[in-house]
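The structure under discussion appears below in the form of structure tokens.
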Amino acid sequence: MQTAPSQLDHSPLAIGGRVMPSRYCLAPLAGYTHLAFRRVVRGLGGLGLATTDLVQATLLLSVRSKSRELIETSPDDVPLSVQIFSGIRADLIAAAKWLEDHGYQGVDINMGCPMAKVNGQGGGARLMCDTGGACQLVGDVVNAVSIPVTVKMRLGWDRENLTAPALSREFEQLGVAAITIHGRTRQQGFQGTVSLDGIRQVVEAVDTIPVIGNGDVRTATDALTMRKQTDCTAVAIGRGALLDPWIFRRIEDRTAGREEQDPTREERIQFLKRHFQMMMQQHGDYSCILFRKFAGWYGLTLGIPDDLEDRLRRFETVDEFDEIVSQIRLRQGERESQLPTALIKVPNGPVERW
Ligand SMILES: Cc1cc2nc3c(=O)[nH]c(=O)nc-3n(C[C@H](O)[C@H](O)[C@H](O)COP(=O)(O)O)c2cc1C
């Protein structure tokens with residue numbers, strides 16, 4: 001039963017001076033939310049702000065090709081924010097300035113990542129334990145640039161240290177343009193469920209800046225429920241957008257009072273094709289290797305027969321890709337499609353890696 005989201009505010013979302021076409025955002029998922037994926041999801045409709053995978057500020061400044069690749073964008077990849085992290089103040093400031101100088105329109109500071117590799121350097125969620133240091137760092141970045149600076153964080157380090165509401169209030173005073181709040185603590189990793197109450201406390205702590213709620217949104221109903229129960233201004237969706245890239249279109253349908261449209265099988269095949277084409281535009285023939293990572297995911301969502309999924313994991317040329325797609329079209333119905341929840345790797349609790 002689809003409920004009418006009548007009492008929710010659907011006016012455009014403003015973050016600093018930027019106006020977003022939708023209140024539903026793509027949360028960064030390192031390794032997945034690359035340029036090709038963002039572009040193809042944007043093409044389905046309903047998506048507002050997208051954020052790049054997190055980029056290490058120091059590496060960004062050192063012209064590492066991998067970091068530069070992560071921030072590659074295109075005219076149709078808007079609105080976009082680049083997410084940076086670092087425990088080194090000077091590098092974080094310099095990276096934000098560098099992004100502004102190169103035409104990027106928004107900077108997001110990562111304060112929620114539970115990975116040891118990030119936290120060991122004082123970046124990510126570790127910053128939430130040092131309120132004074134976090135405020136100093138964030139304030140310095142805000143003062144260094146004129147583009148909007150946002151912060152993405154968790155509820156706190158652990159249950160005993162739920163610092164997000166107090167930090168959000170401080171950050172607002174310092175000029176931060178919006179807060180994205182993942183409703184779990186760092187201690188929780190990805191375990192348990194998201195605390196809508198925790199998100200609500202952040203909403204109540206700030207005066208006027210938008211709070212973007214995040215965590216466990218898998219359906220349009222989940223997104224609308226999060227807004228209703230927390231009063232958050234907007235919602236960021238990560239894994240839910242991988243499982244169902246049409247989630248933004250579904251929310252758009254719902255907020256416009258229409259029935260949600262399920263994508264047809266042909267639309268799903270077109271999504272696969274466009275995802276690959278957009279990768280080709282960025283990476284050329286190397287895409288034949290990069291795309292293999294998605295074989296299992298498409299295998300399940302499209303119900304691709306095992307032998308074709310296997311070919312998608314090993315193909316070497318564009319012609320071969322096209323041939324596989326033709327076969328996928330012809331052999332539909334041989335295997336049932338399903339949501340590949342298990343394919344999105346997350347860390348178990350307080351962790352060393354994703
Ligand atoms: C594979 C993976 C990669 C992620 N990469 C990032 C990242 O680069 N930056 C970040 O702030 N959060 C990252 N996250 C956290 C997500 O943005 C999001 O906060 C979290 O997954 C909860 O939202 P969801 O249930 O909608 O996915 C990542 C999560 C996963 C599972």
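Residues are referred to by chain and number: the chain letter is A, B, ... according to the order shown in the structure tokens, the number counts from 1 in that chain, and ligands are numbered separately from 1 in the order shown.
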Write out as a Markdown table the residues of chain A that have any atom within 9 Å of an atom of ligand 1, one row each with the nearest atom pair and its distance in Å to one decimal, counting only C-alpha atoms and all ligand atoms, sorted by chain and then rising number.
| residue | atom | partner | partner_atom_place_in_ligand_line | distance |
| --- | --- | --- | --- | --- |
| A:Leu26 | CA | ligand 1 | 17 (O) | 8.2 |
| A:Ala27 | CA | ligand 1 | 17 (O) | 4.4 |
| A:Pro28 | CA | ligand 1 | 17 (O) | 4.3 |
| A:Leu29 | CA | ligand 1 | 4 (C) | 3.4 |
| A:Ala30 | CA | ligand 1 | 5 (N) | 3.8 |
| A:Gly31 | CA | ligand 1 | 3 (C) | 6.6 |
| A:Tyr32 | CA | ligand 1 | 1 (C) | 7.2 |
| A:Thr33 | CA | ligand 1 | 5 (N) | 8.5 |
| A:Thr51 | CA | ligand 1 | 9 (N) | 8.4 |
| A:Thr52 | CA | ligand 1 | 8 (O) | 7.2 |
| A:Asp53 | CA | ligand 1 | 8 (O) | 4.1 |
| A:Leu54 | CA | ligand 1 | 8 (O) | 4.0 |
| A:Val55 | CA | ligand 1 | 8 (O) | 7.6 |
| A:Gln83 | CA | ligand 1 | 9 (N) | 7.0 |
| A:Ile84 | CA | ligand 1 | 9 (N) | 8.6 |
| A:Asp108 | CA | ligand 1 | 11 (O) | 8.6 |
| A:Ile109 | CA | ligand 1 | 11 (O) | 8.2 |
| A:Asn110 | CA | ligand 1 | 11 (O) | 5.3 |
| A:Met111 | CA | ligand 1 | 11 (O) | 7.2 |
| A:Gly112 | CA | ligand 1 | 11 (O) | 5.9 |
| A:Cys113 | CA | ligand 1 | 11 (O) | 5.8 |
| A:Pro114 | CA | ligand 1 | 12 (N) | 8.8 |
| A:Gly124 | CA | ligand 1 | 11 (O) | 8.2 |
| A:Val151 | CA | ligand 1 | 11 (O) | 9.0 |
| A:Lys152 | CA | ligand 1 | 11 (O) | 6.0 |
| A:Met153 | CA | ligand 1 | 11 (O) | 7.2 |
| A:Arg154 | CA | ligand 1 | 19 (O) | 7.9 |
| A:Thr180 | CA | ligand 1 | 19 (O) | 8.4 |
| A:Ile181 | CA | ligand 1 | 19 (O) | 7.7 |
| A:His182 | CA | ligand 1 | 19 (O) | 5.1 |
| A:Gly183 | CA | ligand 1 | 22 (C) | 7.9 |
| A:Arg184 | CA | ligand 1 | 22 (C) | 8.3 |
| A:Phe190 | CA | ligand 1 | 21 (O) | 7.4 |
| A:Val194 | CA | ligand 1 | 25 (O) | 8.3 |
| A:Asn214 | CA | ligand 1 | 23 (O) | 5.3 |
| A:Gly215 | CA | ligand 1 | 23 (O) | 3.6 |
| A:Asp216 | CA | ligand 1 | 25 (O) | 3.5 |
| A:Val217 | CA | ligand 1 | 26 (O) | 5.3 |
| A:Arg218 | CA | ligand 1 | 26 (O) | 7.2 |
| A:Val235 | CA | ligand 1 | 26 (O) | 8.9 |
| A:Ala236 | CA | ligand 1 | 26 (O) | 6.4 |
| A:Ile237 | CA | ligand 1 | 26 (O) | 4.0 |
| A:Gly238 | CA | ligand 1 | 26 (O) | 3.6 |
| A:Arg239 | CA | ligand 1 | 27 (O) | 3.8 |
| A:Gly240 | CA | ligand 1 | 26 (O) | 5.5 |
| A:Ala241 | CA | ligand 1 | 26 (O) | 7.5 |
| A:Leu242 | CA | ligand 1 | 27 (O) | 8.7 |
| A:Ile344 | CA | ligand 1 | 1 (C) | 6.3 |
| A:Lys345 | CA | ligand 1 | 1 (C) | 5.6 |
| A:Val346 | CA | ligand 1 | 31 (C) | 4.7 |
| A:Pro347 | CA | ligand 1 | 31 (C) | 7.6 |
| A:Trp354 | CA | ligand 1 | 1 (C) | 6.0 |
Take the residues that were just selected and, keeping N, CA and C atoms, output them as a compact mmCIF listing (two decimals), in the first residue's frame.
# COMPACT_ATOMS: atom_id res chain seq x y z
N LEU A 26 22.44 10.85 -3.68
CA LEU A 26 23.20 9.60 -3.75
C LEU A 26 24.33 9.68 -2.74
N ALA A 27 24.34 8.76 -1.75
CA ALA A 27 25.42 8.74 -0.75
C ALA A 27 26.66 8.11 -1.37
N PRO A 28 27.84 8.54 -0.98
CA PRO A 28 29.05 7.96 -1.58
C PRO A 28 29.25 6.51 -1.16
N LEU A 29 29.57 5.67 -2.13
CA LEU A 29 29.90 4.27 -1.87
C LEU A 29 31.21 4.01 -2.61
N ALA A 30 32.31 4.07 -1.88
CA ALA A 30 33.62 3.95 -2.52
C ALA A 30 33.67 2.68 -3.37
N GLY A 31 34.09 2.82 -4.61
CA GLY A 31 34.20 1.68 -5.51
C GLY A 31 32.96 1.49 -6.38
N TYR A 32 31.89 2.18 -6.08
CA TYR A 32 30.65 1.98 -6.84
C TYR A 32 30.10 3.29 -7.44
N THR A 33 30.17 4.39 -6.65
CA THR A 33 29.50 5.61 -7.10
C THR A 33 30.43 6.46 -7.97
N THR A 51 27.54 12.60 -4.51
CA THR A 51 28.85 12.89 -3.91
C THR A 51 29.84 11.85 -4.41
N THR A 52 31.05 12.29 -4.69
CA THR A 52 32.08 11.34 -5.16
C THR A 52 32.46 10.40 -4.02
N ASP A 53 33.16 9.32 -4.36
CA ASP A 53 33.80 8.47 -3.34
C ASP A 53 34.73 9.36 -2.53
N LEU A 54 35.04 8.95 -1.32
CA LEU A 54 35.93 9.80 -0.52
C LEU A 54 37.34 9.81 -1.12
N VAL A 55 37.94 11.00 -1.11
CA VAL A 55 39.25 11.19 -1.72
C VAL A 55 40.20 11.71 -0.65
N GLN A 83 33.90 14.52 -1.94
CA GLN A 83 34.14 14.24 -0.53
C GLN A 83 35.62 14.06 -0.25
N ILE A 84 36.13 14.82 0.72
CA ILE A 84 37.55 14.71 1.05
C ILE A 84 37.71 14.34 2.53
N ASP A 108 32.52 18.12 0.55
CA ASP A 108 31.94 17.41 1.67
C ASP A 108 33.10 16.83 2.49
N ILE A 109 33.09 17.09 3.80
CA ILE A 109 34.16 16.55 4.65
C ILE A 109 33.67 15.24 5.26
N ASN A 110 34.46 14.19 5.09
CA ASN A 110 34.08 12.89 5.64
C ASN A 110 34.46 12.82 7.11
N MET A 111 33.45 12.62 7.94
CA MET A 111 33.70 12.49 9.37
C MET A 111 33.00 11.23 9.88
N GLY A 112 32.68 10.32 8.97
CA GLY A 112 31.91 9.17 9.41
C GLY A 112 32.54 7.84 9.07
N CYS A 113 33.60 7.87 8.27
CA CYS A 113 34.14 6.60 7.79
C CYS A 113 34.76 5.80 8.93
N PRO A 114 34.34 4.51 9.12
CA PRO A 114 34.86 3.72 10.23
C PRO A 114 36.17 3.00 9.91
N GLY A 124 38.07 10.88 9.06
CA GLY A 124 36.90 10.04 9.24
C GLY A 124 36.28 10.22 10.63
N VAL A 151 29.25 18.45 5.79
CA VAL A 151 29.95 17.41 6.58
C VAL A 151 29.08 16.16 6.61
N LYS A 152 29.71 15.01 6.41
CA LYS A 152 28.97 13.74 6.55
C LYS A 152 29.54 13.01 7.76
N MET A 153 28.66 12.63 8.66
CA MET A 153 29.14 11.97 9.87
C MET A 153 28.16 10.91 10.39
N ARG A 154 28.65 10.20 11.40
CA ARG A 154 27.79 9.23 12.10
C ARG A 154 27.28 9.86 13.38
N THR A 180 25.12 15.65 6.55
CA THR A 180 24.53 14.33 6.25
C THR A 180 24.81 13.44 7.45
N ILE A 181 23.77 12.82 7.96
CA ILE A 181 23.95 12.01 9.17
C ILE A 181 23.52 10.57 8.93
N HIS A 182 24.51 9.66 9.01
CA HIS A 182 24.25 8.22 8.95
C HIS A 182 23.87 7.81 10.37
N GLY A 183 22.67 7.28 10.53
CA GLY A 183 22.12 7.01 11.86
C GLY A 183 22.70 5.81 12.58
N ARG A 184 24.01 5.64 12.53
CA ARG A 184 24.71 4.61 13.31
C ARG A 184 25.95 5.23 13.94
N PHE A 190 28.37 -1.36 10.33
CA PHE A 190 27.13 -1.42 9.54
C PHE A 190 26.11 -2.37 10.19
N VAL A 194 19.43 1.50 11.64
CA VAL A 194 19.64 2.93 11.76
C VAL A 194 18.71 3.52 12.82
N ASN A 214 20.44 9.58 6.55
CA ASN A 214 21.04 8.50 5.75
C ASN A 214 21.09 7.20 6.55
N GLY A 215 20.86 6.11 5.81
CA GLY A 215 21.04 4.79 6.36
C GLY A 215 19.85 3.89 6.18
N ASP A 216 20.10 2.74 5.50
CA ASP A 216 19.13 1.65 5.37
C ASP A 216 17.89 1.98 4.53
N VAL A 217 17.94 3.05 3.75
CA VAL A 217 16.79 3.35 2.89
C VAL A 217 16.87 2.44 1.66
N ARG A 218 15.90 1.57 1.51
CA ARG A 218 15.91 0.60 0.41
C ARG A 218 14.74 0.80 -0.56
N VAL A 235 17.20 13.17 2.05
CA VAL A 235 17.64 11.81 2.36
C VAL A 235 18.75 11.41 1.38
N ALA A 236 19.81 10.81 1.92
CA ALA A 236 20.88 10.28 1.06
C ALA A 236 20.78 8.76 1.03
N ILE A 237 20.85 8.21 -0.17
CA ILE A 237 20.66 6.76 -0.34
C ILE A 237 21.93 6.18 -0.96
N GLY A 238 22.50 5.18 -0.31
CA GLY A 238 23.71 4.54 -0.83
C GLY A 238 23.39 3.17 -1.40
N ARG A 239 23.43 2.16 -0.51
CA ARG A 239 23.25 0.78 -0.99
C ARG A 239 21.90 0.58 -1.66
N GLY A 240 20.90 1.31 -1.20
CA GLY A 240 19.57 1.19 -1.80
C GLY A 240 19.57 1.57 -3.27
N ALA A 241 20.49 2.49 -3.64
CA ALA A 241 20.55 2.92 -5.04
C ALA A 241 21.31 1.91 -5.89
N LEU A 242 22.17 1.14 -5.24
CA LEU A 242 22.85 0.07 -5.98
C LEU A 242 21.89 -1.08 -6.22
N ILE A 344 26.78 -6.41 -1.83
CA ILE A 344 27.40 -5.15 -1.42
C ILE A 344 28.19 -5.41 -0.16
N LYS A 345 29.50 -5.35 -0.30
CA LYS A 345 30.36 -5.71 0.83
C LYS A 345 30.39 -4.57 1.85
N VAL A 346 30.10 -4.91 3.11
CA VAL A 346 30.21 -3.90 4.17
C VAL A 346 31.09 -4.48 5.27
N PRO A 347 31.70 -3.61 6.07
CA PRO A 347 32.51 -4.12 7.17
C PRO A 347 31.63 -4.69 8.28
N TRP A 354 36.44 -2.04 4.34
CA TRP A 354 35.01 -2.01 4.04
C TRP A 354 34.43 -3.40 4.12
- Message: Give me, as JSON, numbers by chain, the residues of stretch 65-227 of chain A that a backbone DSSP run labels strand (DSSP E or B).
- Response: {"A": [80, 81, 82, 83, 84, 85, 107, 108, 109, 110, 111, 149, 150, 151, 152, 153, 154, 178, 179, 180, 181, 182, 211, 212, 213, 214]}
- Task: Quick one: everything within 9 Å of A:Ser22, counting only C-alpha atoms, minus sequence neighbours fewer than 2 positions away in the same chain. Send it as a list in words.
- Result: His10, Ser11, Pro12, Leu13, Val19, Met20, Tyr24, Cys25, Gly46, Leu47, Gly48, Leu49, Ala234, Phe248 and Glu252 of chain A
- Message: Counting only C-alpha atoms, which residue out of A:Gln282, A:Ser81, A:Thr163, A:Thr150 sits closest to A:Gln201?
- Response: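 Of the candidates, the smallest distance to A:Gln201 is held by A:Thr163.
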- Task: Can you work out the spacing between atom CA of A:Ala166 and atom CA of A:Gln56 in Å, to one decimal?
- Result: 25.9 Å
- Item | Distance criterion (only C-alpha atoms): nearest to A:Arg335 out of A:Leu300, A:Ala220, A:Val63, A:Ala177 | A:Leu300
